[in-house]
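Asks: Okay, so here is target07.pdb, and as you'll see once you scroll down, it has PDB, C-alpha atoms.
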```pdb
ATOM      1  CA  MET A   1      12.006  -8.336   2.487
ATOM      2  CA  ALA A   2       9.177  -7.072   0.307
ATOM      3  CA  GLU A   3       9.997  -4.154  -1.968
ATOM      4  CA  ILE A   4       7.795  -1.319  -3.143
ATOM      5  CA  ASN A   5       8.479   1.309  -5.757
ATOM      6  CA  ILE A   6       6.132   4.268  -6.064
ATOM      7  CA  GLN A   7       6.182   6.851  -8.822
ATOM      8  CA  ILE A   8       3.782   9.779  -8.948
ATOM      9  CA  ILE A   9       3.058  11.393 -12.317
ATOM     10  CA  ASN A  10       1.244  14.738 -12.159
ATOM     11  CA  GLU A  11      -0.547  15.950 -15.302
ATOM     12  CA  GLU A  12      -2.643  19.027 -14.475
ATOM     13  CA  LYS A  13      -5.465  17.638 -12.307
ATOM     14  CA  THR A  14      -4.702  13.975 -12.989
ATOM     15  CA  HIS A  15      -2.283  12.338 -10.569
ATOM     16  CA  THR A  16      -1.186   8.803 -11.414
ATOM     17  CA  VAL A  17       0.420   6.739  -8.664
ATOM     18  CA  VAL A  18       2.363   3.893 -10.290
ATOM     19  CA  ILE A  19       2.865   1.088  -7.765
ATOM     20  CA  ASN A  20       5.374  -1.698  -8.345
ATOM     21  CA  GLY A  21       6.078  -4.445  -5.810
ATOM     22  CA  GLN A  22       4.278  -5.722  -2.727
ATOM     23  CA  LEU A  23       2.264  -3.829  -0.145
ATOM     24  CA  ASP A  24       2.697  -5.658   3.122
ATOM     25  CA  GLU A  25       3.370  -4.770   6.758
ATOM     26  CA  SER A  26       6.957  -3.785   5.966
ATOM     27  CA  THR A  27       6.136  -1.446   3.051
ATOM     28  CA  VAL A  28       2.559  -0.185   3.344
ATOM     29  CA  ASP A  29       3.172   2.699   5.774
ATOM     30  CA  GLU A  30       5.835   4.234   3.521
ATOM     31  CA  PHE A  31       3.398   3.994   0.596
ATOM     32  CA  ALA A  32       0.571   5.543   2.617
ATOM     33  CA  GLU A  33       2.770   8.453   3.694
ATOM     34  CA  LYS A  34       3.444   9.352   0.043
ATOM     35  CA  VAL A  35      -0.223   9.094  -0.940
ATOM     36  CA  TYR A  36      -1.376  11.213   2.007
ATOM     37  CA  ALA A  37       1.195  13.842   1.017
ATOM     38  CA  LEU A  38      -0.193  13.811  -2.535
ATOM     39  CA  ILE A  39      -3.803  14.102  -1.335
ATOM     40  CA  GLU A  40      -2.851  17.168   0.712
ATOM     41  CA  THR A  41      -1.790  18.934  -2.497
ATOM     42  CA  ILE A  42      -4.657  18.098  -4.871
ATOM     43  CA  GLU A  43      -7.225  20.665  -5.924
ATOM     44  CA  SER A  44     -10.958  19.976  -6.219
ATOM     45  CA  ASN A  45     -12.135  18.046  -9.307
ATOM     46  CA  SER A  46      -8.868  16.145  -9.490
ATOM     47  CA  LYS A  47      -8.354  12.482 -10.326
ATOM     48  CA  VAL A  48      -6.036  10.223  -8.386
ATOM     49  CA  ILE A  49      -5.345   7.053 -10.356
ATOM     50  CA  PHE A  50      -3.563   4.058  -8.851
ATOM     51  CA  ASP A  51      -1.792   2.121 -11.615
ATOM     52  CA  LEU A  52      -1.843  -1.355 -10.055
ATOM     53  CA  GLU A  53      -0.345  -3.343 -12.928
ATOM     54  CA  GLY A  54       2.944  -3.892 -11.089
ATOM     55  CA  LEU A  55       1.391  -4.574  -7.682
ATOM     56  CA  THR A  56       1.731  -8.284  -6.916
ATOM     57  CA  TYR A  57       0.462  -8.392  -3.327
ATOM     58  CA  LEU A  58      -1.499  -6.256  -0.898
ATOM     59  CA  ASN A  59      -2.516  -6.954   2.696
ATOM     60  CA  SER A  60      -5.588  -5.992   4.701
ATOM     61  CA  LYS A  61      -3.942  -2.819   6.021
ATOM     62  CA  SER A  62      -3.478  -1.674   2.406
ATOM     63  CA  LEU A  63      -7.209  -2.176   1.855
ATOM     64  CA  GLY A  64      -7.831  -0.093   4.966
ATOM     65  CA  TYR A  65      -5.568   2.692   3.740
ATOM     66  CA  THR A  66      -7.333   2.624   0.365
ATOM     67  CA  THR A  67     -10.717   3.251   2.000
ATOM     68  CA  ASP A  68      -9.174   6.124   3.953
ATOM     69  CA  PHE A  69      -7.608   7.605   0.779
ATOM     70  CA  TYR A  70     -11.019   7.301  -0.881
ATOM     71  CA  ASN A  71     -12.744   9.171   1.970
ATOM     72  CA  LYS A  72     -10.141  11.949   1.905
ATOM     73  CA  ILE A  73     -10.187  12.295  -1.895
ATOM     74  CA  ILE A  74     -14.003  12.390  -1.990
ATOM     75  CA  ALA A  75     -13.916  15.072   0.730
ATOM     76  CA  LYS A  76     -11.828  17.151  -1.696
ATOM     77  CA  GLU A  77     -14.507  16.685  -4.380
ATOM     78  CA  SER A  78     -12.148  14.528  -6.393
ATOM     79  CA  LYS A  79     -12.044  10.935  -7.640
ATOM     80  CA  LEU A  80      -9.973   7.863  -6.819
ATOM     81  CA  ILE A  81      -9.734   5.301  -9.634
ATOM     82  CA  LEU A  82      -7.965   1.933  -9.482
ATOM     83  CA  ALA A  83      -6.517   0.839 -12.832
ATOM     84  CA  LYS A  84      -5.130  -2.433 -14.187
ATOM     85  CA  PRO A  85      -5.197  -4.606 -11.045
ATOM     86  CA  GLN A  86      -3.822  -8.135 -11.212
ATOM     87  CA  ALA A  87      -6.410 -10.867 -10.541
ATOM     88  CA  ASN A  88      -5.254 -11.679  -6.991
ATOM     89  CA  VAL A  89      -5.208  -7.985  -6.063
ATOM     90  CA  LYS A  90      -8.703  -7.360  -7.497
ATOM     91  CA  ASP A  91      -9.909 -10.464  -5.624
ATOM     92  CA  GLU A  92      -9.103  -8.780  -2.289
ATOM     93  CA  PHE A  93     -10.944  -5.583  -3.190
ATOM     94  CA  ASN A  94     -13.923  -7.695  -4.290
ATOM     95  CA  LEU A  95     -13.897  -9.659  -1.017
ATOM     96  CA  ILE A  96     -14.576  -6.600   1.105
ATOM     97  CA  GLY A  97     -16.891  -5.001  -1.454
ATOM     98  CA  LEU A  98     -14.657  -2.037  -2.330
ATOM     99  CA  ASP A  99     -15.188  -2.801  -6.033
ATOM    100  CA  GLN A 100     -18.757  -1.573  -5.464
ATOM    101  CA  ILE A 101     -17.527   1.741  -4.072
ATOM    102  CA  ILE A 102     -14.313   2.624  -5.898
ATOM    103  CA  PRO A 103     -14.240   2.506  -9.716
ATOM    104  CA  PHE A 104     -11.875   0.033 -11.402
ATOM    105  CA  THR A 105     -10.661   0.202 -14.992
ATOM    106  CA  GLN A 106      -8.788  -2.177 -17.286
ATOM    107  CA  THR A 107      -6.598   0.560 -18.784
ATOM    108  CA  LEU A 108      -5.021   3.851 -17.791
ATOM    109  CA  ASN A 109      -6.780   5.619 -20.653
ATOM    110  CA  GLU A 110     -10.152   4.520 -19.341
ATOM    111  CA  ALA A 111      -9.221   5.841 -15.911
ATOM    112  CA  LYS A 112      -8.096   9.182 -17.323
ATOM    113  CA  GLN A 113     -11.361   9.566 -19.230
ATOM    114  CA  MET A 114     -13.594   8.935 -16.194
TER     115      MET A 114
ATOM    116  CA  MET B   1      -9.361 -47.801   6.289
ATOM    117  CA  GLN B   2      -6.351 -45.717   7.225
ATOM    118  CA  GLY B   3      -6.458 -42.046   6.209
ATOM    119  CA  LYS B   4      -3.823 -40.422   4.039
ATOM    120  CA  LYS B   5      -0.668 -39.422   5.848
ATOM    121  CA  PRO B   6      -0.455 -35.640   6.231
ATOM    122  CA  ILE B   7       2.604 -33.624   5.314
ATOM    123  CA  ILE B   8       3.521 -31.411   8.274
ATOM    124  CA  ILE B   9       5.944 -28.491   8.026
ATOM    125  CA  LYS B  10       6.810 -26.341  11.051
ATOM    126  CA  ILE B  11       8.526 -22.965  10.828
ATOM    127  CA  GLU B  12       9.740 -20.750  13.657
ATOM    128  CA  LEU B  13       9.683 -17.166  12.499
ATOM    129  CA  PRO B  14      11.331 -14.201  14.249
ATOM    130  CA  THR B  15       8.798 -11.500  15.183
ATOM    131  CA  ASN B  16       9.802  -9.161  12.384
ATOM    132  CA  ALA B  17       7.668  -8.328   9.330
ATOM    133  CA  TYR B  18      10.910  -8.351   7.308
ATOM    134  CA  PHE B  19      10.605 -12.130   6.877
ATOM    135  CA  MET B  20       6.976 -12.233   5.735
ATOM    136  CA  SER B  21       7.609 -12.074   1.986
ATOM    137  CA  GLY B  22       9.603 -15.309   2.310
ATOM    138  CA  ILE B  23       6.703 -16.994   4.129
ATOM    139  CA  ARG B  24       4.291 -15.815   1.425
ATOM    140  CA  ASP B  25       6.519 -17.240  -1.311
ATOM    141  CA  PHE B  26       6.830 -20.486   0.626
ATOM    142  CA  THR B  27       3.043 -20.723   1.084
ATOM    143  CA  LEU B  28       2.388 -20.304  -2.636
ATOM    144  CA  LYS B  29       4.960 -22.946  -3.581
ATOM    145  CA  MET B  30       3.798 -25.366  -0.910
ATOM    146  CA  ILE B  31       0.164 -25.095  -2.003
ATOM    147  CA  GLU B  32       1.145 -25.567  -5.644
ATOM    148  CA  ASN B  33       3.213 -28.643  -4.786
ATOM    149  CA  THR B  34       0.968 -30.356  -2.252
ATOM    150  CA  THR B  35      -2.633 -29.541  -3.226
ATOM    151  CA  ASP B  36      -4.854 -29.221  -6.282
ATOM    152  CA  PHE B  37      -5.873 -25.729  -5.243
ATOM    153  CA  SER B  38      -6.400 -23.344  -8.141
ATOM    154  CA  LYS B  39      -4.037 -20.388  -8.571
ATOM    155  CA  GLN B  40      -6.756 -18.130  -7.181
ATOM    156  CA  TRP B  41      -7.009 -20.164  -3.980
ATOM    157  CA  ALA B  42      -3.246 -20.429  -3.657
ATOM    158  CA  TYR B  43      -3.119 -16.613  -3.610
ATOM    159  CA  ARG B  44      -6.023 -16.472  -1.184
ATOM    160  CA  PHE B  45      -4.328 -18.829   1.214
ATOM    161  CA  GLN B  46      -1.126 -16.852   0.876
ATOM    162  CA  SER B  47      -3.092 -13.829   2.126
ATOM    163  CA  VAL B  48      -4.606 -15.844   4.973
ATOM    164  CA  VAL B  49      -1.141 -16.917   6.177
ATOM    165  CA  ASP B  50       0.204 -13.378   5.882
ATOM    166  CA  GLU B  51      -2.660 -11.948   7.937
ATOM    167  CA  LEU B  52      -2.369 -14.596  10.657
ATOM    168  CA  CYS B  53       1.389 -14.132  10.980
ATOM    169  CA  ASN B  54       1.151 -10.345  11.022
ATOM    170  CA  ASN B  55      -1.457 -10.476  13.791
ATOM    171  CA  ALA B  56       0.730 -12.838  15.796
ATOM    172  CA  ILE B  57       3.799 -10.640  15.315
ATOM    173  CA  GLU B  58       2.125  -7.296  15.863
ATOM    174  CA  HIS B  59      -0.423  -7.985  18.581
ATOM    175  CA  GLY B  60       0.717 -11.273  20.075
ATOM    176  CA  SER B  61       4.447 -10.976  20.567
ATOM    177  CA  GLU B  62       7.293  -9.087  22.104
ATOM    178  CA  LYS B  63      10.308  -7.953  20.075
ATOM    179  CA  ASN B  64      13.038 -10.584  19.571
ATOM    180  CA  ASP B  65      10.539 -13.378  20.137
ATOM    181  CA  PHE B  66       9.316 -15.901  17.550
ATOM    182  CA  ILE B  67       6.033 -17.335  16.320
ATOM    183  CA  LEU B  68       5.403 -20.925  15.281
ATOM    184  CA  ILE B  69       3.681 -21.661  11.972
ATOM    185  CA  THR B  70       2.528 -25.221  11.224
ATOM    186  CA  PHE B  71       1.355 -26.251   7.763
ATOM    187  CA  LYS B  72      -0.500 -29.580   7.587
ATOM    188  CA  THR B  73      -1.645 -30.774   4.195
ATOM    189  CA  VAL B  74      -3.484 -33.953   3.278
ATOM    190  CA  GLU B  75      -3.322 -34.581  -0.445
ATOM    191  CA  ASN B  76      -6.627 -33.826  -2.188
ATOM    192  CA  GLU B  77      -8.349 -33.369   1.184
ATOM    193  CA  SER B  78      -7.375 -30.289   3.130
ATOM    194  CA  ILE B  79      -4.801 -27.769   4.180
ATOM    195  CA  GLU B  80      -4.597 -26.654   7.787
ATOM    196  CA  ILE B  81      -2.452 -23.848   9.151
ATOM    197  CA  THR B  82      -1.796 -23.042  12.778
ATOM    198  CA  VAL B  83      -0.048 -19.890  13.990
ATOM    199  CA  GLU B  84       0.990 -19.646  17.634
ATOM    200  CA  ASP B  85       2.467 -16.709  19.521
ATOM    201  CA  HIS B  86       3.743 -16.345  23.075
ATOM    202  CA  GLY B  87       1.675 -13.314  23.958
ATOM    203  CA  PRO B  88       2.665  -9.750  24.774
ATOM    204  CA  LYS B  89       3.256  -8.546  28.350
ATOM    205  CA  GLU B  90      -0.384  -7.540  28.565
ATOM    206  CA  GLN B  91      -2.053 -10.745  27.456
ATOM    207  CA  ILE B  92      -4.947 -10.527  24.996
ATOM    208  CA  LYS B  93      -7.615 -13.201  25.436
ATOM    209  CA  ALA B  94      -8.878 -15.321  22.536
ATOM    210  CA  SER B  95     -12.472 -14.421  23.455
ATOM    211  CA  ASP B  96     -11.645 -10.691  23.050
ATOM    212  CA  ILE B  97     -10.115 -11.297  19.604
ATOM    213  CA  ILE B  98     -13.186 -13.263  18.488
ATOM    214  CA  LYS B  99     -15.542 -10.576  19.790
ATOM    215  CA  LYS B 100     -13.552  -7.827  18.063
ATOM    216  CA  TYR B 101     -13.328  -9.479  14.639
ATOM    217  CA  LYS B 102     -17.047 -10.324  14.667
ATOM    218  CA  GLU B 103     -17.832  -6.675  15.444
ATOM    219  CA  ASN B 104     -15.520  -5.565  12.614
ATOM    220  CA  ALA B 105     -17.294  -7.880  10.164
ATOM    221  CA  LYS B 106     -20.544  -5.967  10.778
ATOM    222  CA  LYS B 107     -19.096  -2.488  10.227
ATOM    223  CA  ASN B 108     -19.399  -0.406   7.074
ATOM    224  CA  GLN B 109     -16.168  -0.601   5.045
ATOM    225  CA  LEU B 110     -15.797   3.158   4.846
ATOM    226  CA  GLU B 111     -16.110   3.523   8.616
ATOM    227  CA  LEU B 112     -13.942   0.593   9.680
ATOM    228  CA  GLY B 113     -10.658   2.491   9.695
ATOM    229  CA  ILE B 114      -7.264   1.246   8.560
ATOM    230  CA  ARG B 115      -7.315  -2.061  10.431
ATOM    231  CA  GLY B 116      -9.830  -4.788  11.153
ATOM    232  CA  ARG B 117     -10.206  -6.568   7.814
ATOM    233  CA  GLY B 118      -7.639  -9.342   8.214
ATOM    234  CA  LEU B 119      -9.474 -11.773  10.486
ATOM    235  CA  ALA B 120     -12.966 -10.448   9.757
ATOM    236  CA  TYR B 121     -12.720 -10.842   5.992
ATOM    237  CA  ILE B 122      -9.583 -12.428   4.545
ATOM    238  CA  VAL B 123      -9.202 -15.188   7.131
ATOM    239  CA  GLU B 124     -12.866 -15.753   7.978
ATOM    240  CA  LYS B 125     -14.220 -15.707   4.425
ATOM    241  CA  TRP B 126     -11.443 -17.685   2.759
ATOM    242  CA  THR B 127     -11.268 -20.622   5.165
ATOM    243  CA  ASP B 128     -13.775 -23.329   6.125
ATOM    244  CA  GLU B 129     -12.768 -23.547   9.782
ATOM    245  CA  LEU B 130     -11.383 -20.815  12.034
ATOM    246  CA  GLU B 131     -10.535 -21.524  15.658
ATOM    247  CA  ILE B 132      -8.899 -19.046  18.060
ATOM    248  CA  THR B 133      -7.826 -20.341  21.465
ATOM    249  CA  ASP B 134      -5.668 -19.315  24.434
ATOM    250  CA  ARG B 135      -2.424 -21.247  24.800
ATOM    251  CA  GLU B 136      -1.830 -22.805  28.220
ATOM    252  CA  LYS B 137       1.588 -21.168  28.557
ATOM    253  CA  GLY B 138       0.357 -17.775  27.356
ATOM    254  CA  GLY B 139      -0.309 -16.410  23.913
ATOM    255  CA  ILE B 140      -2.834 -17.242  21.228
ATOM    256  CA  LYS B 141      -3.206 -20.159  18.838
ATOM    257  CA  VAL B 142      -5.132 -19.634  15.601
ATOM    258  CA  ARG B 143      -6.014 -22.652  13.487
ATOM    259  CA  VAL B 144      -7.590 -22.432  10.036
ATOM    260  CA  LYS B 145      -8.552 -25.184   7.632
ATOM    261  CA  LYS B 146      -9.640 -25.314   4.023
ATOM    262  CA  TYR B 147     -11.194 -28.480   2.673
ATOM    263  CA  LEU B 148     -10.841 -29.848  -0.806
ATOM    264  CA  ASN B 149     -13.345 -32.434  -2.014
ATOM    265  CA  ASP B 150     -14.529 -33.360   1.474
ATOM    266  CA  PRO B 151     -17.823 -35.296   1.173
ATOM    267  CA  ASN B 152     -19.209 -33.331   4.117
ATOM    268  CA  PHE B 153     -18.912 -30.134   2.157
ATOM    269  CA  LYS B 154     -21.102 -29.122  -0.707
ATOM    270  CA  LYS B 155     -19.623 -27.527  -3.794
ATOM    271  CA  GLU B 156     -21.064 -24.174  -4.666
ATOM    272  CA  GLU B 157     -22.174 -23.582  -8.219
ATOM    273  CA  SER B 158     -18.818 -22.378  -9.376
ATOM    274  CA  ASN B 159     -16.150 -23.387 -11.824
ATOM    275  CA  ASP B 160     -13.621 -23.111  -9.058
ATOM    276  CA  PRO B 161     -13.176 -26.639  -7.625
ATOM    277  CA  THR B 162     -11.900 -25.340  -4.332
ATOM    278  CA  HIS B 163     -14.829 -23.052  -3.628
ATOM    279  CA  ILE B 164     -16.708 -25.339  -1.280
ATOM    280  CA  LYS B 165     -18.799 -24.412   1.695
ATOM    281  CA  LEU B 166     -20.029 -26.119   4.835
ATOM    282  CA  THR B 167     -23.712 -26.988   4.646
ATOM    283  CA  ILE B 168     -25.515 -26.912   7.966
TER     284      ILE B 168
END
```
In structure tokens, write the structure found in this file.

Replies:
Amino acid sequence: MAEINIQIINEEKTHTVVINGQLDESTVDEFAEKVYALIETIESNSKVIFDLEGLTYLNSKSLGYTTDFYNKIIAKESKLILAKPQANVKDEFNLIGLDQIIPFTQTLNEAKQM
Amino acid sequence: MQGKKPIIIKIELPTNAYFMSGIRDFTLKMIENTTDFSKQWAYRFQSVVDELCNNAIEHGSEKNDFILITFKTVENESIEITVEDHGPKEQIKASDIIKKYKENAKKNQLELGIRGRGLAYIVEKWTDELEITDREKGGIKVRVKKYLNDPNFKKEESNDPTHIKLTI
């Protein structure tokens, strides 16, 4: 079975979601539940950063959830930033054109400074 | 002249997403061992297989059933994958699936919702052939194929040797 480990680090208005493992049909809903709960709590002008360095796989439903997170975060006048994706993970975002909508960064520092 | 003999591997998988990480690992290893696909395309095909199996499990099957996955590789030529399900109680037709995924492919990403990207993007864009048909005994059969160095296919201007596209 795929495993997913999610850690959320809150620093004032910057919320970093550290994702380790695989997001597939057996894990993605649990992940989404935690992110939706986080989005509920954020104030305007916040940043939600996904640290993707430890994410080794994501499926199409994860891409769908990401667009929904983006819409909800934007509605709260805040930003979603995707940091440090592995090549195969970035490839999927590129395929559907989300790299043109959601900002990506190579480092966490870059994401925090956006 | 006789063609190369394909390697055919068939797997029966219980209709439970629990087993999908094993199929993904298997797909990566099989592609590495039986084709010259680049790492990037091995990952892409891993995603294709995952999406096809998830669709078959989630929309095409009852609980405690199984799906059949067939991998057919011809060295330096192609890889073909077929996923067959037995259908749910309320049978979905292949023509409805095709219509739906083509509609999804036209929608704006931010308005598409959570689902609808598997067939419309990952499977459709990362394979050279996609065929969805009704099985005689019920259920759906999806066949995809990716060519490697087929003379009928023209290489795109890319450093990736597997990024080839049908020219019509």

Asks: Hey, list the chain B side of the contact with chain A: 10 Å cut-off, all atoms listed in the file, answer as a PyMOL selection string.

Replies: chain B and resi 16-22+24+39-44+46-48+50-51+54+58+105+108-122+125-126

Asks: I would like the residues chosen by the PyMOL selection byres ((chain B and resi 62-79) around 9) on the shown file; could you give them as an NGL selection string?

Replies: :B and (4-16 or 27 or 31 or 34-37 or 49 or 53 or 56-61 or 80-89 or 144-150)

Asks: Can you sort out the box for range 33-52 of chain A, edges along x, y and z, all listed atoms in, 3 Å on every side, with centre and edge lengths in Å to one decimal, as AutoDock Vina command-line options?

Replies:
```
--center_x -4.3 --center_y 9.7 --center_z -4.0 --size_x 21.6 --size_y 28.0 --size_z 21.3
```

Asks: For Glu11 in chain A, find every residue with an atom within 12 Å (counting only C-alpha atoms), except residues of its own chain fewer than 3 positions away, and show them as a list in words.

Replies: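 What passes the distance filter is Ile8, Thr14, His15, Thr16, Val17, Ile42, Ser46, Lys47, Val48, Ile49 and Lys112 of chain A.
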
Asks: How about saving the chosen residues, C-alpha atoms kept, as an mmCIF file, in the frame of the given file?

Replies:
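File produced: again_22.cif:
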```cif
data_model
loop_
_atom_site.group_PDB
_atom_site.id
_atom_site.type_symbol
_atom_site.label_atom_id
_atom_site.label_comp_id
_atom_site.auth_asym_id
_atom_site.auth_seq_id
_atom_site.Cartn_x
_atom_site.Cartn_y
_atom_site.Cartn_z
ATOM 1 C CA ILE A 8 3.782 9.779 -8.948
ATOM 2 C CA THR A 14 -4.702 13.975 -12.989
ATOM 3 C CA HIS A 15 -2.283 12.338 -10.569
ATOM 4 C CA THR A 16 -1.186 8.803 -11.414
ATOM 5 C CA VAL A 17 0.420 6.739 -8.664
ATOM 6 C CA ILE A 42 -4.657 18.098 -4.871
ATOM 7 C CA SER A 46 -8.868 16.145 -9.490
ATOM 8 C CA LYS A 47 -8.354 12.482 -10.326
ATOM 9 C CA VAL A 48 -6.036 10.223 -8.386
ATOM 10 C CA ILE A 49 -5.345 7.053 -10.356
ATOM 11 C CA LYS A 112 -8.096 9.182 -17.323
#
```

Asks: To one decimal place, how far is CA of Gln91 in chain B from CA of Glu131 in chain B in Å?

Replies: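 These two atoms are separated by 18.1 Å.
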
Asks: Suppose a student applies the PyMOL selection byres ((chain A and resi 33-39) around 9) to this structure; what residues should they get, written as a PDB file with C-alpha atoms, in the coordinates of the input?

Replies:
```
ATOM      1  CA  ILE A   6       6.132   4.268  -6.064  1.00  0.00           C
ATOM      2  CA  ILE A   8       3.782   9.779  -8.948  1.00  0.00           C
ATOM      3  CA  HIS A  15      -2.283  12.338 -10.569  1.00  0.00           C
ATOM      4  CA  VAL A  17       0.420   6.739  -8.664  1.00  0.00           C
ATOM      5  CA  VAL A  28       2.559  -0.185   3.344  1.00  0.00           C
ATOM      6  CA  ASP A  29       3.172   2.699   5.774  1.00  0.00           C
ATOM      7  CA  GLU A  30       5.835   4.234   3.521  1.00  0.00           C
ATOM      8  CA  PHE A  31       3.398   3.994   0.596  1.00  0.00           C
ATOM      9  CA  ALA A  32       0.571   5.543   2.617  1.00  0.00           C
ATOM     10  CA  GLU A  40      -2.851  17.168   0.712  1.00  0.00           C
ATOM     11  CA  THR A  41      -1.790  18.934  -2.497  1.00  0.00           C
ATOM     12  CA  ILE A  42      -4.657  18.098  -4.871  1.00  0.00           C
ATOM     13  CA  GLU A  43      -7.225  20.665  -5.924  1.00  0.00           C
ATOM     14  CA  VAL A  48      -6.036  10.223  -8.386  1.00  0.00           C
ATOM     15  CA  PHE A  69      -7.608   7.605   0.779  1.00  0.00           C
ATOM     16  CA  LYS A  72     -10.141  11.949   1.905  1.00  0.00           C
ATOM     17  CA  ILE A  73     -10.187  12.295  -1.895  1.00  0.00           C
ATOM     18  CA  LYS A  76     -11.828  17.151  -1.696  1.00  0.00           C
TER      19      LYS A  76
END
```

Asks: To one decimal in Å, tell me the separation between CA of Lys90 in chain A and CA of Ser78 in chain A.

Replies: 22.2 Å

Asks: Here is a test: counting all atoms listed in the file, which residue of A:Gln113, A:Gln86, A:Ser44, A:Gln7 is nearest to Thr56 in chain A?

Replies: A:Gln86

Asks: Set the distance at 9 Å and use only C-alpha atoms: which residues neighbour Gln106 in chain A once local chain neighbours fewer than 6 positions away are removed? I'd like the list as a list of chain:residue names.

Replies: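 Final neighbour list, sorted by chain and number: A:Leu82, A:Ala83, A:Lys84, A:Pro85.
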
Asks: Could you please determine the separation between CA of Tyr101 in chain B and CA of Ile4 in chain A in Å, to one decimal place?

Replies: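 Between these atoms lies a distance of 28.8 Å.
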